[in-house]
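> To be precise about what I am sending: the file is called input.tsv and holds TSV, C-alpha atoms.
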```
chain	number	residue	atom	x	y	z
M	1	ARG	CA	-149.72	-77.98	14.76
M	2	GLY	CA	-146.02	-77.86	14.50
M	3	GLY	CA	-146.26	-76.00	11.19
M	4	ASP	CA	-146.46	-77.19	7.62
M	5	PRO	CA	-143.07	-76.99	5.85
M	6	VAL	CA	-144.86	-76.31	2.56
M	7	LEU	CA	-146.74	-73.30	3.96
M	8	THR	CA	-145.35	-69.82	3.21
M	9	VAL	CA	-146.65	-66.79	5.07
M	10	SER	CA	-146.11	-63.28	3.71
M	11	ALA	CA	-146.96	-59.91	5.21
M	12	VAL	CA	-147.00	-56.41	3.76
M	13	GLY	CA	-146.87	-53.31	5.96
M	14	HIS	CA	-149.93	-51.08	5.65
M	15	ALA	CA	-151.40	-48.04	7.38
M	16	HIS	CA	-155.03	-47.02	7.09
M	17	ILE	CA	-155.34	-43.24	7.19
M	18	ASP	CA	-158.86	-41.88	7.39
M	19	LEU	CA	-158.72	-38.74	5.26
M	20	ALA	CA	-161.79	-37.07	6.75
M	21	TRP	CA	-161.72	-37.93	10.42
M	22	LEU	CA	-161.82	-35.62	13.46
M	23	TRP	CA	-159.05	-33.25	12.46
M	24	PRO	CA	-158.47	-30.65	9.71
M	25	ILE	CA	-157.27	-31.71	6.25
M	26	ARG	CA	-153.87	-30.10	6.96
M	27	GLU	CA	-153.41	-32.58	9.81
M	28	THR	CA	-154.37	-35.49	7.56
M	29	ILE	CA	-151.69	-34.36	5.10
M	30	ARG	CA	-149.08	-34.17	7.89
M	31	LYS	CA	-150.09	-37.58	9.26
M	32	GLY	CA	-149.77	-39.02	5.75
M	33	ALA	CA	-146.28	-37.56	5.39
M	34	ARG	CA	-145.19	-38.92	8.78
M	35	THR	CA	-146.62	-42.35	8.04
M	36	PHE	CA	-145.06	-42.57	4.59
M	37	SER	CA	-141.74	-41.25	5.89
M	38	THR	CA	-141.73	-43.91	8.61
M	39	ALA	CA	-142.40	-46.62	6.02
M	40	LEU	CA	-139.49	-45.36	3.91
M	41	ARG	CA	-137.15	-45.38	6.93
M	42	MET	CA	-138.26	-48.94	7.73
M	43	MET	CA	-137.29	-49.91	4.17
M	44	GLU	CA	-133.82	-48.50	4.80
M	45	GLN	CA	-133.46	-50.56	7.98
M	46	TYR	CA	-135.04	-53.75	6.66
M	47	PRO	CA	-134.24	-54.53	3.01
M	48	ASP	CA	-137.06	-57.12	2.79
M	49	TYR	CA	-139.70	-54.75	4.17
M	50	ILE	CA	-142.58	-54.07	1.78
M	51	PHE	CA	-145.23	-51.42	2.36
M	52	GLY	CA	-148.54	-50.82	0.68
M	53	ALA	CA	-150.90	-47.88	0.75
M	54	SER	CA	-154.16	-47.04	-0.96
M	55	GLN	CA	-156.03	-43.77	-1.61
M	56	PRO	CA	-154.62	-41.77	-4.53
M	57	GLN	CA	-155.83	-38.59	-2.80
M	58	LEU	CA	-153.15	-39.12	-0.14
M	59	TYR	CA	-150.46	-39.72	-2.77
M	60	ASP	CA	-151.54	-36.56	-4.57
M	61	TRP	CA	-151.21	-34.53	-1.36
M	62	MET	CA	-147.72	-35.94	-0.87
M	63	LYS	CA	-146.84	-34.99	-4.44
M	64	ARG	CA	-148.03	-31.40	-3.91
M	65	HIS	CA	-146.92	-30.78	-0.31
M	66	TYR	CA	-143.88	-33.08	0.08
M	67	PRO	CA	-142.36	-33.57	-3.40
M	68	LYS	CA	-139.05	-35.01	-2.10
M	69	LEU	CA	-140.94	-37.61	-0.07
M	70	TYR	CA	-143.11	-38.39	-3.08
M	71	ALA	CA	-140.01	-38.91	-5.24
M	72	GLN	CA	-138.75	-41.49	-2.73
M	73	ILE	CA	-142.12	-43.25	-2.81
M	74	LYS	CA	-141.97	-43.40	-6.61
M	75	GLU	CA	-138.49	-44.95	-6.41
M	76	ARG	CA	-139.72	-47.65	-4.04
M	77	VAL	CA	-142.72	-48.36	-6.26
M	78	GLN	CA	-140.36	-48.89	-9.21
M	79	GLU	CA	-138.28	-51.25	-7.06
M	80	GLY	CA	-141.39	-53.25	-6.17
M	81	ARG	CA	-141.01	-52.52	-2.44
M	82	TRP	CA	-143.92	-50.06	-2.21
M	83	GLU	CA	-147.29	-51.30	-3.44
M	84	PRO	CA	-150.00	-48.86	-4.52
M	85	GLN	CA	-153.16	-50.66	-3.44
M	86	GLY	CA	-156.86	-50.48	-4.04
M	87	ALA	CA	-158.43	-48.38	-6.73
M	88	MET	CA	-160.74	-45.87	-5.06
M	89	TRP	CA	-159.67	-42.22	-4.94
M	90	VAL	CA	-160.60	-42.27	-1.24
M	91	GLU	CA	-161.62	-45.37	0.71
M	92	SER	CA	-165.32	-44.90	0.81
M	93	ASP	CA	-168.21	-45.69	3.08
M	94	THR	CA	-170.45	-47.73	0.80
M	95	ASN	CA	-173.68	-47.31	2.79
M	96	VAL	CA	-174.56	-43.80	1.63
M	97	PRO	CA	-172.95	-43.10	-1.80
M	98	SER	CA	-174.74	-43.72	-5.06
M	99	GLY	CA	-173.53	-46.27	-7.58
M	100	GLU	CA	-172.40	-43.46	-9.90
M	101	SER	CA	-170.23	-41.89	-7.18
M	102	LEU	CA	-168.61	-45.24	-6.37
M	103	VAL	CA	-167.81	-45.81	-10.05
M	104	ARG	CA	-166.28	-42.32	-10.20
M	105	GLN	CA	-164.09	-43.13	-7.17
M	106	PHE	CA	-162.74	-46.18	-9.02
M	107	LEU	CA	-162.25	-44.38	-12.33
M	108	TYR	CA	-160.31	-41.51	-10.76
M	109	GLY	CA	-158.29	-43.80	-8.51
M	110	LYS	CA	-157.36	-46.24	-11.27
M	111	ARG	CA	-156.43	-43.40	-13.62
M	112	TYR	CA	-154.15	-41.79	-11.02
M	113	PHE	CA	-152.24	-45.00	-10.29
M	114	MET	CA	-151.82	-45.69	-14.00
M	115	GLU	CA	-150.60	-42.16	-14.78
M	116	GLU	CA	-148.27	-41.89	-11.77
M	117	PHE	CA	-146.94	-45.42	-11.45
M	118	GLY	CA	-147.89	-47.21	-14.68
M	119	GLN	CA	-149.83	-49.79	-12.69
M	120	GLU	CA	-153.29	-51.14	-13.35
M	121	MET	CA	-155.26	-51.60	-10.17
```
What's the structure tokens form of this structure?


Amino acid sequence: RGGDPVLTVSAVGHAHIDLAWLWPIRETIRKGARTFSTALRMMEQYPDYIFGASQPQLYDWMKRHYPKLYAQIKERVQEGRWEPQGAMWVESDTNVPSGESLVRQFLYGKRYFMEEFGQEM
């Protein structure tokens, strides 16, 4: 009540994008580009704005389909204003997959973030 002057609250922007929902992959790629573009424009407007996104598969699509957008993302990662998050190649349902497939998701995801951004997840 009334707040604690010692308490600090931080927030990081994030968007969950389901890569295999009720639309074609091409629409997922476009939605990813629009979402990431919006986050980049928010960073231009608000210098303290930080955004984070997971799923290396989405980053890889941006790299292949929207290379200029991807270059801007890489710049923001280097600045520390864009946080690659998580480690799975695609955020997975963990009810059905086998242990081996889950481990593979982490291995591929971690490798991508290390190779692209030099960051250990």

> So which one's closest to Gly109 of chain M, M:Glu79, M:Thr8, M:Tyr59, M:Ile73? Using only C-alpha atoms, please.

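Of all the options, M:Tyr59 lies closest to Gly109 of chain M.
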
> Suppose you want the space between atom CA of Val9 of chain M and atom CA of Gln55 of chain M; what is it in Å?

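Atom CA of Gln55 of chain M lies at a distance of 25.7 Å from atom CA of Val9 of chain M.
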
> Using Å and a single decimal, report how far atom CA of Leu22 of chain M sits from atom CA of Gly52 of chain M.

23.9 Å

> Need to verify the contact set: Arg41 of chain M, 12 Å, all atoms listed in the file, exclusion of same-chain residues closer than 4 positions in sequence. Can you return it as a ChimeraX atom specification?

/M:34-37,45-47,49-51,69,72-73,76

> Quick one: pull the distance between atom CA of Gly32 of chain M and atom CA of Glu83 of chain M, Å, one decimal.

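Atom CA of Glu83 of chain M lies at a distance of 15.5 Å from atom CA of Gly32 of chain M.
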
> Please determine, counting only C-alpha atoms, which residue among M:Gln78, M:Asn95, M:Gln105, M:Gln85 has the shortest atom-to-atom distance to Gly118 of chain M.

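Comparing M:Gln78, M:Asn95, M:Gln105, M:Gln85 against Gly118 of chain M, the winner is M:Gln78.
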
> Counting all atoms listed in the file, which of M:Asp60, M:Ala33, M:Val96, M:Ala39 gets nearest to Glu115 of chain M?

M:Asp60

> Nearest to Thr38 of chain M among M:Met62, M:Val77, M:Ala15, M:Met88, with distances taken over all atoms listed in the file: which residue is it?

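Closest residue, counting all atoms listed in the file: M:Ala15.
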
> Neighbourhood query: residues within 12 Å of (-157.6, -41.6, -2.7), file coordinates, counting only C-alpha atoms; return as a short mmCIF file (atom, residue, chain, number, x, y, z; two decimals) with C-alpha atoms, keeping the file's coordinate frame.


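Result saved to result.cif:
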```
data_model
loop_
_atom_site.label_atom_id
_atom_site.label_comp_id
_atom_site.auth_asym_id
_atom_site.auth_seq_id
_atom_site.Cartn_x
_atom_site.Cartn_y
_atom_site.Cartn_z
CA HIS M 16 -155.03 -47.02 7.09
CA ILE M 17 -155.34 -43.24 7.19
CA ASP M 18 -158.86 -41.88 7.39
CA LEU M 19 -158.72 -38.74 5.26
CA ALA M 20 -161.79 -37.07 6.75
CA GLY M 32 -149.77 -39.02 5.75
CA ALA M 53 -150.90 -47.88 0.75
CA SER M 54 -154.16 -47.04 -0.96
CA GLN M 55 -156.03 -43.77 -1.61
CA PRO M 56 -154.62 -41.77 -4.53
CA GLN M 57 -155.83 -38.59 -2.80
CA LEU M 58 -153.15 -39.12 -0.14
CA TYR M 59 -150.46 -39.72 -2.77
CA ASP M 60 -151.54 -36.56 -4.57
CA TRP M 61 -151.21 -34.53 -1.36
CA MET M 62 -147.72 -35.94 -0.87
CA PRO M 84 -150.00 -48.86 -4.52
CA GLN M 85 -153.16 -50.66 -3.44
CA GLY M 86 -156.86 -50.48 -4.04
CA ALA M 87 -158.43 -48.38 -6.73
CA MET M 88 -160.74 -45.87 -5.06
CA TRP M 89 -159.67 -42.22 -4.94
CA VAL M 90 -160.60 -42.27 -1.24
CA GLU M 91 -161.62 -45.37 0.71
CA SER M 92 -165.32 -44.90 0.81
CA ARG M 104 -166.28 -42.32 -10.20
CA GLN M 105 -164.09 -43.13 -7.17
CA PHE M 106 -162.74 -46.18 -9.02
CA LEU M 107 -162.25 -44.38 -12.33
CA TYR M 108 -160.31 -41.51 -10.76
CA GLY M 109 -158.29 -43.80 -8.51
CA LYS M 110 -157.36 -46.24 -11.27
CA ARG M 111 -156.43 -43.40 -13.62
CA TYR M 112 -154.15 -41.79 -11.02
CA PHE M 113 -152.24 -45.00 -10.29
#
```
